[in-house]
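The next block holds one structure in the form of structure tokens; read it before the comments.
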Amino acid sequence: MTKRLYLLIGLSVSMCALLLAAVLAPTGFSSSTSDLIVKEPAERPFGMVWVPGGTFTMGTSAVPIPNDDRIREDETPAHDVDLDGFWMDEVPVTNREFARFVEQTGYKTFAERQLTKQDFADRGTDVSLFPSNSIPPGSLCFNPAFDRAQLVRGIPGWEHQVWKIVDGASWQRPDGPKSNLEGRLDHPVVHIAWEDADAYCRWAGKRLPTEAEFEYAARNGGKKVKYPWGDEFRPDGRYMANFWQGEFPTERLNEDGFSATSPVKSFPPNQLGLYDMAGNVWEWCSDLYAADYYSHSARRNPKGPQVSFDPMLTGMVQRVQRGGSFLCNVNNCTGYRTQARGRGEVASSSYHNGFRCVVDSSLIPTYQERQAAIHAWTTKADHRSSDSRISTLPARKDGNPEQKNGEG
């Protein structure tokens with residue numbers, strides 16, 4: 001009896017000690033975070049920024065009243081996330097970079113293909129209301145000639161009234177068939193469907209960022225900031241990102257100097273050295289979109305839900321988009337906030353969506369292999385270009401190309 005009493009007393013003391021240790025333990029520490037990847041595990045990939053791993057609180061605790069920032073319910077609840085470090089492209093993928101991918105692979109984007117209803121059905125779209133079986137190449141563009149007299153605000157999805165599908169619009173012709181990329185090579189590539197972004201990432205040996213990675217990077221490693229540059233919308237009156245000025249969509253002031261996309265690096269980077277993490281173009285993430293995902297998100301390196309769910313837009317599969325675009329504004333879409341969530345149908349593209357890539361430690365061998373193959377192809381292409389240039393020079397009497405003054 002005495003032995004049993006001592007055992008019970010000992011057990012009680014041990015339990016109290018464990019409870020006390022748990023109470024006094026530093027906030028945020030757990031055995032699951034002790035092995036997070038914080039230091040760069042290899043040489044930094046070209047054009048990328050290292051984002052050290054860590055723990056942060058993702059999302060918003062509740063939608064405030066009044067709601068001046070237009071926070072949405074899908075940004076709740078706030079929840080802790082542990083992330084391993086990763087490299088992220090310092091800028092969104094540009095037209096120049098995407099052109100090299102297309103040149104090497106012959107890839108055609110979703111917007112450039114002649115599609116059928118089955119193509120959309122295969123991507124999870126309800127095609128019961130499609131008027132035709134054949135869908136011509138094209139993509140969504142802003143319609144500056146929308147009917148202002150018939151514009152109805154205050155209903156879900158009212159902004160769709162100012163969009164239109166433009167036949168022939170694509171990444172190469174962002175405004176429609178009569179446009180081109182002249183002067184836009186260093187702008188983010190647009191009219192990119194999710195599968196197009198994924199294809200580019202695979203070609204480059206990279207991947208799309210998860211939604212958690214994007215928010216964490218936009219917040220300078222998970223710091224509690226409203227915008228990538230801090231908490232003040234326009235510090236010292238300066239515009240810090242490319243977004244819509246004026247009442248959307250009827251008043252367009254263009255006070256930041258851009259009516260559509262802007263060249264990457266037109267605005268200052270965040271503290272990590274990442275550009276355009278807010279505004280310019282919405283950026284695809286790898287996650288499927290679910291309005292209620294934050295209520296059951298995994299803690300360590302969350303990758304999104306298994307099924308797309310949006311009570312407002314049924315009959316389609318959606319993926320997460322982050323960062324906002326040049327169309328975001330104070331009266332409707334505040335997507336430039338670091339916690340704001342966006343989403344897009346996978347079987348669609350538009351002239352304000354693009355993407356950037358990341359590389360994690362598990363992708364290092366793949367990245368190195370793919371970059372070596374890309375470099376080898378580029379070297380051969382440069383040689384072919386040089387051979388073509390030489391073959392067009394006038395021949396000398398000895399049969400060799402004539403050299404111009406100062407050459408050779």
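Naming works like this for the structure tokens: A, B, ... for the chains as they're shown, residue 1 at the start of each chain, ligands 1 onward in shown order.
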
Just asking: which residues within stretch 120-345 of chain A are strand (DSSP E or B) according to DSSP, as a PDB file with N, CA and C atoms, in the first residue's frame?
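Dumped to selection.pdb:
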ATOM      1  N   SER A 134     -17.000  24.020 -79.834  1.00  0.00           N
ATOM      2  CA  SER A 134     -15.672  24.520 -80.184  1.00  0.00           C
ATOM      3  C   SER A 134     -15.458  25.895 -79.565  1.00  0.00           C
ATOM      4  N   ILE A 135     -14.343  26.050 -78.868  1.00  0.00           N
ATOM      5  CA  ILE A 135     -14.030  27.318 -78.210  1.00  0.00           C
ATOM      6  C   ILE A 135     -12.757  27.864 -78.839  1.00  0.00           C
ATOM      7  N   GLY A 138      -8.340  32.409 -77.049  1.00  0.00           N
ATOM      8  CA  GLY A 138      -8.640  33.721 -76.492  1.00  0.00           C
ATOM      9  C   GLY A 138      -8.499  33.718 -74.985  1.00  0.00           C
ATOM     10  N   SER A 139      -8.719  34.880 -74.385  1.00  0.00           N
ATOM     11  CA  SER A 139      -8.542  35.006 -72.944  1.00  0.00           C
ATOM     12  C   SER A 139      -9.335  36.207 -72.448  1.00  0.00           C
ATOM     13  N   LEU A 140      -9.427  36.322 -71.107  1.00  0.00           N
ATOM     14  CA  LEU A 140     -10.182  37.405 -70.485  1.00  0.00           C
ATOM     15  C   LEU A 140      -9.390  38.707 -70.458  1.00  0.00           C
ATOM     16  N   CYS A 141     -10.063  39.800 -70.831  1.00  0.00           N
ATOM     17  CA  CYS A 141      -9.474  41.130 -70.773  1.00  0.00           C
ATOM     18  C   CYS A 141     -10.447  42.097 -70.109  1.00  0.00           C
ATOM     19  N   PHE A 142      -9.904  43.166 -69.558  1.00  0.00           N
ATOM     20  CA  PHE A 142     -10.752  44.239 -69.045  1.00  0.00           C
ATOM     21  C   PHE A 142     -11.432  44.926 -70.227  1.00  0.00           C
ATOM     22  N   TRP A 163     -15.576  42.607 -67.583  1.00  0.00           N
ATOM     23  CA  TRP A 163     -14.653  41.713 -68.273  1.00  0.00           C
ATOM     24  C   TRP A 163     -15.266  41.223 -69.575  1.00  0.00           C
ATOM     25  N   LYS A 164     -14.412  40.815 -70.484  1.00  0.00           N
ATOM     26  CA  LYS A 164     -14.891  40.186 -71.708  1.00  0.00           C
ATOM     27  C   LYS A 164     -13.822  39.230 -72.222  1.00  0.00           C
ATOM     28  N   ILE A 165     -14.274  38.182 -72.916  1.00  0.00           N
ATOM     29  CA  ILE A 165     -13.335  37.262 -73.559  1.00  0.00           C
ATOM     30  C   ILE A 165     -12.959  37.849 -74.910  1.00  0.00           C
ATOM     31  N   VAL A 166     -11.674  38.004 -75.141  1.00  0.00           N
ATOM     32  CA  VAL A 166     -11.174  38.566 -76.398  1.00  0.00           C
ATOM     33  C   VAL A 166     -10.545  37.445 -77.214  1.00  0.00           C
ATOM     34  N   ASP A 167     -11.140  37.121 -78.342  1.00  0.00           N
ATOM     35  CA  ASP A 167     -10.569  36.102 -79.220  1.00  0.00           C
ATOM     36  C   ASP A 167      -9.187  36.542 -79.685  1.00  0.00           C
ATOM     37  N   PRO A 188       5.681  41.326 -66.471  1.00  0.00           N
ATOM     38  CA  PRO A 188       5.270  39.953 -66.159  1.00  0.00           C
ATOM     39  C   PRO A 188       4.465  39.352 -67.308  1.00  0.00           C
ATOM     40  N   ARG A 207       9.097  24.923 -59.019  1.00  0.00           N
ATOM     41  CA  ARG A 207       7.683  24.656 -58.791  1.00  0.00           C
ATOM     42  C   ARG A 207       6.990  25.955 -58.402  1.00  0.00           C
ATOM     43  N   TYR A 227       1.217  45.257 -45.660  1.00  0.00           N
ATOM     44  CA  TYR A 227       1.696  45.259 -47.042  1.00  0.00           C
ATOM     45  C   TYR A 227       3.145  44.789 -47.046  1.00  0.00           C
ATOM     46  N   GLY A 230       5.313  47.390 -45.421  1.00  0.00           N
ATOM     47  CA  GLY A 230       5.015  47.868 -44.078  1.00  0.00           C
ATOM     48  C   GLY A 230       3.526  48.033 -43.852  1.00  0.00           C
ATOM     49  N   TRP A 282      -1.755  39.215 -60.396  1.00  0.00           N
ATOM     50  CA  TRP A 282      -2.059  38.096 -59.508  1.00  0.00           C
ATOM     51  C   TRP A 282      -1.111  36.951 -59.859  1.00  0.00           C
ATOM     52  N   GLU A 283      -0.646  36.212 -58.869  1.00  0.00           N
ATOM     53  CA  GLU A 283       0.309  35.132 -59.110  1.00  0.00           C
ATOM     54  C   GLU A 283      -0.248  33.790 -58.639  1.00  0.00           C
ATOM     55  N   TRP A 284      -0.177  32.815 -59.536  1.00  0.00           N
ATOM     56  CA  TRP A 284      -0.658  31.468 -59.223  1.00  0.00           C
ATOM     57  C   TRP A 284       0.141  30.840 -58.098  1.00  0.00           C
ATOM     58  N   CYS A 285      -0.536  30.122 -57.240  1.00  0.00           N
ATOM     59  CA  CYS A 285       0.096  29.254 -56.237  1.00  0.00           C
ATOM     60  C   CYS A 285      -0.228  27.801 -56.573  1.00  0.00           C
ATOM     61  N   SER A 286       0.445  26.878 -55.924  1.00  0.00           N
ATOM     62  CA  SER A 286       0.233  25.461 -56.229  1.00  0.00           C
ATOM     63  C   SER A 286      -1.063  24.930 -55.638  1.00  0.00           C
ATOM     64  N   ASP A 287      -1.570  25.560 -54.570  1.00  0.00           N
ATOM     65  CA  ASP A 287      -2.713  25.029 -53.817  1.00  0.00           C
ATOM     66  C   ASP A 287      -4.034  25.091 -54.587  1.00  0.00           C
ATOM     67  N   LEU A 288      -4.831  24.058 -54.427  1.00  0.00           N
ATOM     68  CA  LEU A 288      -6.249  24.188 -54.743  1.00  0.00           C
ATOM     69  C   LEU A 288      -6.864  25.196 -53.780  1.00  0.00           C
ATOM     70  N   ALA A 290      -9.841  26.456 -51.346  1.00  0.00           N
ATOM     71  CA  ALA A 290     -11.028  26.111 -50.567  1.00  0.00           C
ATOM     72  C   ALA A 290     -11.286  27.253 -49.596  1.00  0.00           C
ATOM     73  N   ARG A 300       2.694  22.000 -40.668  1.00  0.00           N
ATOM     74  CA  ARG A 300       4.040  21.959 -41.258  1.00  0.00           C
ATOM     75  C   ARG A 300       3.940  21.935 -42.784  1.00  0.00           C
ATOM     76  N   PHE A 309     -13.065  24.081 -53.222  1.00  0.00           N
ATOM     77  CA  PHE A 309     -14.401  24.372 -52.713  1.00  0.00           C
ATOM     78  C   PHE A 309     -14.608  25.874 -52.619  1.00  0.00           C
ATOM     79  N   GLN A 318     -10.729  25.552 -58.817  1.00  0.00           N
ATOM     80  CA  GLN A 318      -9.961  26.784 -58.675  1.00  0.00           C
ATOM     81  C   GLN A 318      -8.654  26.540 -57.924  1.00  0.00           C
ATOM     82  N   ARG A 319      -7.651  27.325 -58.271  1.00  0.00           N
ATOM     83  CA  ARG A 319      -6.376  27.346 -57.565  1.00  0.00           C
ATOM     84  C   ARG A 319      -6.177  28.739 -56.961  1.00  0.00           C
ATOM     85  N   VAL A 320      -5.334  28.790 -55.951  1.00  0.00           N
ATOM     86  CA  VAL A 320      -5.093  30.047 -55.247  1.00  0.00           C
ATOM     87  C   VAL A 320      -4.253  30.988 -56.104  1.00  0.00           C
ATOM     88  N   GLN A 321      -4.584  32.259 -56.040  1.00  0.00           N
ATOM     89  CA  GLN A 321      -3.753  33.330 -56.584  1.00  0.00           C
ATOM     90  C   GLN A 321      -3.464  34.313 -55.456  1.00  0.00           C
ATOM     91  N   ARG A 322      -2.289  34.919 -55.507  1.00  0.00           N
ATOM     92  CA  ARG A 322      -1.878  35.836 -54.442  1.00  0.00           C
ATOM     93  C   ARG A 322      -1.265  37.119 -55.010  1.00  0.00           C
ATOM     94  N   GLY A 342      -6.744  35.247 -53.180  1.00  0.00           N
ATOM     95  CA  GLY A 342      -7.424  35.284 -54.466  1.00  0.00           C
ATOM     96  C   GLY A 342      -7.546  33.879 -54.996  1.00  0.00           C
ATOM     97  N   ARG A 343      -8.312  33.714 -56.051  1.00  0.00           N
ATOM     98  CA  ARG A 343      -8.418  32.395 -56.667  1.00  0.00           C
ATOM     99  C   ARG A 343      -8.803  32.573 -58.131  1.00  0.00           C
ATOM    100  N   GLY A 344      -8.487  31.542 -58.913  1.00  0.00           N
ATOM    101  CA  GLY A 344      -8.806  31.575 -60.328  1.00  0.00           C
ATOM    102  C   GLY A 344      -9.150  30.186 -60.826  1.00  0.00           C
ATOM    103  N   GLU A 345     -10.046  30.136 -61.793  1.00  0.00           N
ATOM    104  CA  GLU A 345     -10.407  28.852 -62.390  1.00  0.00           C
ATOM    105  C   GLU A 345      -9.213  28.312 -63.160  1.00  0.00           C
TER     106      GLU A 345
END

| field | Within 8 Å of stretch 194-196 of chain A using only C-alpha atoms, minus same-chain residues under 2 positions, as a list in words | value |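 My list of contacting residues is Thr109, Phe110, Ile192, Asp198, Ala199, Tyr200, Trp284, Arg319, Val346, Ala347, Ser348 and Ser349 of chain A.
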
| request: Considering only C-alpha atoms, return as a count of residues only whatever protein or nucleic-acid residues lie within 12 Å of A:Gly53, sequence-local ones (same chain, fewer than 6 positions apart) excluded. | output: 27

| task | Take atom CA of A:Asn242 and atom CA of A:Gly273 and report the distance between them in Å, one decimal. | result |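 Computing the Euclidean distance for atom CA of A:Asn242 and atom CA of A:Gly273 yields 17.1 Å.
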
| field | Polymer residues at most 9 Å from A:Asp256, only C-alpha atoms, same-chain spacing of 4 or more positions, as a VMD selection string | value | chain A and resid 238 to 245

| query | Pick the closest to A:Trp229 from A:Ser179, A:Ser61, A:Gln118, A:Asn270: which is it, counting only C-alpha atoms? | reply |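 Of the candidates, the smallest distance to A:Trp229 is held by A:Asn270.
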